[in-house]
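Asks: Just so it is clear, I am handing over target28.cif, which has mmCIF, C-alpha atoms.
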data_entry
#
loop_
_atom_site.group_PDB
_atom_site.id
_atom_site.type_symbol
_atom_site.label_atom_id
_atom_site.label_comp_id
_atom_site.auth_asym_id
_atom_site.auth_seq_id
_atom_site.Cartn_x
_atom_site.Cartn_y
_atom_site.Cartn_z
ATOM 1 C CA MET A 1 -38.283 4.987 -10.699
ATOM 2 C CA SER A 2 -35.954 6.421 -8.063
ATOM 3 C CA ASP A 3 -32.274 7.118 -8.529
ATOM 4 C CA ASP A 4 -31.459 3.992 -6.494
ATOM 5 C CA ASP A 5 -33.524 1.821 -8.825
ATOM 6 C CA PHE A 6 -31.751 3.232 -11.825
ATOM 7 C CA MET A 7 -28.299 2.436 -10.445
ATOM 8 C CA PHE A 8 -29.056 -1.176 -9.482
ATOM 9 C CA ASP A 9 -31.154 -2.857 -12.092
ATOM 10 C CA GLU A 10 -31.244 -6.558 -11.203
ATOM 11 C CA GLU A 11 -31.399 -7.636 -14.808
ATOM 12 C CA ASP A 12 -27.989 -6.197 -15.646
ATOM 13 C CA GLU A 13 -25.171 -8.700 -15.553
ATOM 14 C CA TYR A 14 -21.599 -7.612 -15.425
ATOM 15 C CA GLU A 15 -18.714 -9.799 -16.308
ATOM 16 C CA PHE A 16 -15.097 -9.014 -15.786
ATOM 17 C CA GLU A 17 -12.763 -10.221 -18.476
ATOM 18 C CA TYR A 18 -9.108 -10.663 -17.750
ATOM 19 C CA GLU A 19 -6.772 -9.207 -20.305
ATOM 20 C CA GLU A 20 -4.111 -11.352 -21.872
ATOM 21 C CA ASP A 21 -0.843 -11.447 -19.973
ATOM 22 C CA ASP A 22 1.934 -9.810 -21.971
ATOM 23 C CA GLY A 23 4.750 -11.478 -20.071
ATOM 24 C CA ASP A 24 4.710 -9.041 -17.168
ATOM 25 C CA GLU A 25 5.139 -11.931 -14.730
ATOM 26 C CA GLU A 26 8.389 -12.887 -16.453
ATOM 27 C CA VAL A 27 9.698 -9.334 -16.105
ATOM 28 C CA VAL A 28 8.723 -9.192 -12.436
ATOM 29 C CA GLY A 29 10.313 -12.602 -11.847
ATOM 30 C CA ILE A 30 13.624 -11.702 -13.438
ATOM 31 C CA GLU A 31 13.646 -8.287 -11.766
ATOM 32 C CA THR A 32 13.122 -9.941 -8.374
ATOM 33 C CA LYS A 33 15.892 -12.443 -9.078
ATOM 34 C CA TYR A 34 18.214 -9.582 -10.015
ATOM 35 C CA TYR A 35 17.578 -7.690 -6.775
ATOM 36 C CA ASN A 36 17.861 -10.890 -4.729
ATOM 37 C CA ALA A 37 21.235 -11.549 -6.356
ATOM 38 C CA LYS A 38 22.305 -7.977 -5.710
ATOM 39 C CA ALA A 39 21.510 -8.462 -2.017
ATOM 40 C CA LEU A 40 24.012 -11.350 -1.965
ATOM 41 C CA ARG A 41 27.031 -9.264 -2.989
ATOM 42 C CA GLU A 42 28.584 -9.787 0.453
ATOM 43 C CA ASP A 43 29.011 -13.428 -0.623
ATOM 44 C CA PRO A 44 30.569 -13.040 -4.093
ATOM 45 C CA ALA A 45 30.328 -16.733 -5.049
ATOM 46 C CA ALA A 46 26.606 -16.854 -4.265
ATOM 47 C CA ALA A 47 26.001 -13.522 -5.989
ATOM 48 C CA LEU A 48 27.842 -14.692 -9.116
ATOM 49 C CA ARG A 49 25.686 -17.844 -9.280
ATOM 50 C CA GLU A 50 22.471 -15.870 -8.884
ATOM 51 C CA PHE A 51 23.455 -13.208 -11.416
ATOM 52 C CA GLN A 52 24.307 -15.982 -13.875
ATOM 53 C CA LEU A 53 20.805 -17.417 -13.353
ATOM 54 C CA VAL A 54 19.356 -13.984 -14.189
ATOM 55 C CA ILE A 55 21.406 -13.924 -17.400
ATOM 56 C CA ASP A 56 20.358 -17.470 -18.293
ATOM 57 C CA GLU A 57 16.683 -16.654 -17.793
ATOM 58 C CA ASP A 58 17.079 -13.403 -19.704
ATOM 59 C CA ASN A 59 18.669 -15.240 -22.640
ATOM 60 C CA SER A 60 15.880 -17.828 -22.713
ATOM 61 C CA ASN A 61 13.140 -15.156 -22.728
ATOM 62 C CA GLY A 62 14.767 -12.725 -25.131
ATOM 63 C CA ARG A 63 17.473 -10.416 -23.872
ATOM 64 C CA SER A 64 16.565 -7.365 -21.813
ATOM 65 C CA GLU A 65 18.037 -4.755 -19.514
ATOM 66 C CA TRP A 66 18.026 -7.273 -16.628
ATOM 67 C CA GLY A 67 20.599 -9.458 -18.321
ATOM 68 C CA PHE A 68 22.649 -6.344 -19.028
ATOM 69 C CA LYS A 69 22.440 -5.256 -15.396
ATOM 70 C CA ALA A 70 23.339 -8.729 -14.137
ATOM 71 C CA THR A 71 26.323 -8.778 -16.506
ATOM 72 C CA LYS A 72 27.492 -5.439 -15.096
ATOM 73 C CA GLN A 73 27.268 -6.787 -11.564
ATOM 74 C CA ILE A 74 29.267 -9.872 -12.526
ATOM 75 C CA ILE A 75 31.966 -7.639 -14.005
ATOM 76 C CA LYS A 76 32.137 -5.638 -10.774
ATOM 77 C CA LEU A 77 32.445 -8.793 -8.685
ATOM 78 C CA HIS A 78 35.214 -10.212 -10.888
ATOM 79 C CA LEU A 79 36.999 -6.867 -10.875
ATOM 80 C CA GLN A 80 36.843 -6.824 -7.088
ATOM 81 C CA ALA A 81 38.361 -10.326 -7.064
ATOM 82 C CA ARG A 82 40.952 -9.163 -9.630
ATOM 83 C CA ASP A 83 39.941 -11.963 -11.986
ATOM 84 C CA PHE A 84 40.747 -9.925 -15.081
ATOM 85 C CA ASP A 85 40.125 -12.701 -17.610
ATOM 86 C CA LYS A 86 36.537 -13.044 -16.383
ATOM 87 C CA VAL A 87 36.138 -9.254 -16.352
ATOM 88 C CA LEU A 88 37.040 -9.144 -20.045
ATOM 89 C CA GLU A 89 34.818 -12.113 -20.867
ATOM 90 C CA PHE A 90 31.759 -10.512 -19.286
ATOM 91 C CA TYR A 91 32.640 -7.032 -20.539
ATOM 92 C CA ASP A 92 32.507 -8.426 -24.081
ATOM 93 C CA ARG A 93 29.042 -9.777 -23.275
ATOM 94 C CA MET A 94 27.993 -6.407 -21.900
ATOM 95 C CA LEU A 95 29.177 -4.736 -25.087
ATOM 96 C CA ASP A 96 27.123 -7.261 -27.094
ATOM 97 C CA TYR A 97 23.991 -5.940 -25.351
ATOM 98 C CA VAL A 98 25.021 -2.410 -26.309
ATOM 99 C CA ARG A 99 25.801 -3.271 -29.940
ATOM 100 C CA ALA A 100 22.457 -5.055 -30.293
ATOM 101 C CA SER A 101 20.671 -1.966 -28.917
ATOM 102 C CA GLU A 102 19.065 -4.033 -26.178
ATOM 103 C CA VAL A 103 19.503 -1.210 -23.667
ATOM 104 C CA ALA A 104 18.932 2.519 -24.035
ATOM 105 C CA ARG A 105 21.888 4.306 -25.561
ATOM 106 C CA ASN A 106 22.322 6.877 -22.788
ATOM 107 C CA TYR A 107 22.133 4.139 -20.117
ATOM 108 C CA ALA A 108 24.682 2.070 -22.027
ATOM 109 C CA GLU A 109 27.075 5.028 -22.346
ATOM 110 C CA LYS A 110 26.780 5.817 -18.653
ATOM 111 C CA SER A 111 27.411 2.160 -17.770
ATOM 112 C CA ILE A 112 30.480 1.969 -20.010
ATOM 113 C CA ASN A 113 31.887 5.202 -18.575
ATOM 114 C CA ASN A 114 31.371 3.914 -15.040
ATOM 115 C CA MET A 115 33.149 0.663 -15.937
ATOM 116 C CA LEU A 116 36.058 2.579 -17.458
ATOM 117 C CA GLU A 117 36.378 4.603 -14.247
ATOM 118 C CA ARG A 118 36.336 1.462 -12.100
ATOM 119 C CA VAL A 119 38.964 -0.234 -14.211
ATOM 120 C CA SER A 120 41.270 2.775 -14.302
ATOM 121 C CA SER A 121 41.251 2.992 -10.511
ATOM 122 C CA ASN A 122 41.373 -0.757 -9.725
ATOM 123 C CA ALA A 123 43.569 -2.435 -12.297
ATOM 124 C CA ASP A 124 47.089 -2.467 -13.663
ATOM 125 C CA ASP A 125 48.080 -0.588 -16.811
ATOM 126 C CA GLN A 126 48.225 -3.631 -19.087
ATOM 127 C CA PHE A 127 44.698 -4.707 -18.183
ATOM 128 C CA SER A 128 43.387 -1.146 -18.408
ATOM 129 C CA ARG A 129 44.753 -0.815 -21.950
ATOM 130 C CA GLU A 130 43.097 -4.089 -22.974
ATOM 131 C CA PHE A 131 39.812 -3.002 -21.408
ATOM 132 C CA TYR A 132 39.888 0.387 -23.146
ATOM 133 C CA GLN A 133 40.789 -1.246 -26.467
ATOM 134 C CA ARG A 134 37.753 -3.540 -26.278
ATOM 135 C CA THR A 135 35.596 -0.497 -25.636
ATOM 136 C CA LEU A 136 36.910 1.204 -28.748
ATOM 137 C CA ASP A 137 36.516 -1.875 -30.953
#
Please rewrite the model in this file as structure tokens.
Replies:
Amino acid sequence: MSDDDFMFDEEDEYEFEYEEDDGDEEVVGIETKYYNAKALREDPAAALREFQLVIDEDNSNGRSEWGFKATKQIIKLHLQARDFDKVLEFYDRMLDYVRASEVARNYAEKSINNMLERVSSNADDQFSREFYQRTLD
């Protein structure tokens, strides 16, 4: 028997078995939707709708970092529009992700610090105090 015969025995049958899908397609889908929404930031109304769809999908599949990220983007868009009531509404939601430990602690802290910086440079004193107070609560 030659080496070639050993490597290719016609009687051997090989089957490939697919492993169970662990929901990776859902993660890829929501990640793609997030980045598509982010690309729409030049059109705030369209971006807000798309980010809300990311949050809705994230909530229906179990919350993840993508819902957190979409919430952050919504806050930034509302802050840019100076819609402070909506900023506070979505900031509370962002803090819910943090309190539930649905994002890494160091990422959450960095995100909160960045939000505090944005607010302090883009908002009036009254709103800034309210924003900071919600952070401390």
Asks: One number please: atom CA of Val54 of chain A to atom CA of Trp66 of chain A, in Å, one decimal.
Replies: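 About the pair atom CA of Val54 of chain A and atom CA of Trp66 of chain A: they are 7.3 Å apart.
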Asks: Under the PyMOL selection byres ((chain A and resi 76) around 12), which residues of this model are included? Write them out as a PyMOL selection string.
Replies: chain A and resi 38+41+44+47-48+51+69-75+77-84+86-88+90-91+94+111+114-119+122-123
Asks: Can you spell out as a ChimeraX atom specification the set of residues that the PyMOL selection byres ((chain A and resi 96) around 12) selects in the structure I just provided?
Replies: /A:63-64,67-68,71,89-95,97-103,108,134-135,137
Asks: Could you work out how far atom CA of Asp85 of chain A lies from atom CA of Asp124 of chain A, giving the answer in Å with one decimal?
Replies: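 Separation between atom CA of Asp124 of chain A and atom CA of Asp85 of chain A: 13.0 Å.
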Asks: Would you compute the distance between atom CA of Lys33 of chain A and atom CA of Glu50 of chain A? Give it in Å to one decimal.
Replies: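 Straight-line distance from atom CA of Lys33 of chain A to atom CA of Glu50 of chain A works out to 7.4 Å.
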Asks: Can you pull out the residues contacting Ile30 of chain A? Cut-off 8 Å, using all atoms listed in the file, and skip same-chain residues under 2 positions away; I want them as a VMD selection string.
Replies: chain A and resid 26 to 28 32 to 34 54 57 to 58 66
Asks: Rank nothing, just name the residue among A:Ala104, A:Leu136, A:Phe131, A:Arg49 nearest to Asn36 of chain A, using all atoms listed in the file.
Replies: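 Of A:Ala104, A:Leu136, A:Phe131, A:Arg49, the one nearest Asn36 of chain A is A:Arg49, counting all atoms listed in the file.
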Asks: Please return the centre and edge lengths, in Å to one decimal, of a box with edges along x, y and z that contains all listed atoms of segment 56-67 of chain A, widened by 3 Å on every side, as JSON.
Replies:
{"center_x": 16.9, "center_y": -11.3, "center_z": -20.9, "size_x": 13.5, "size_y": 19.1, "size_z": 14.5}
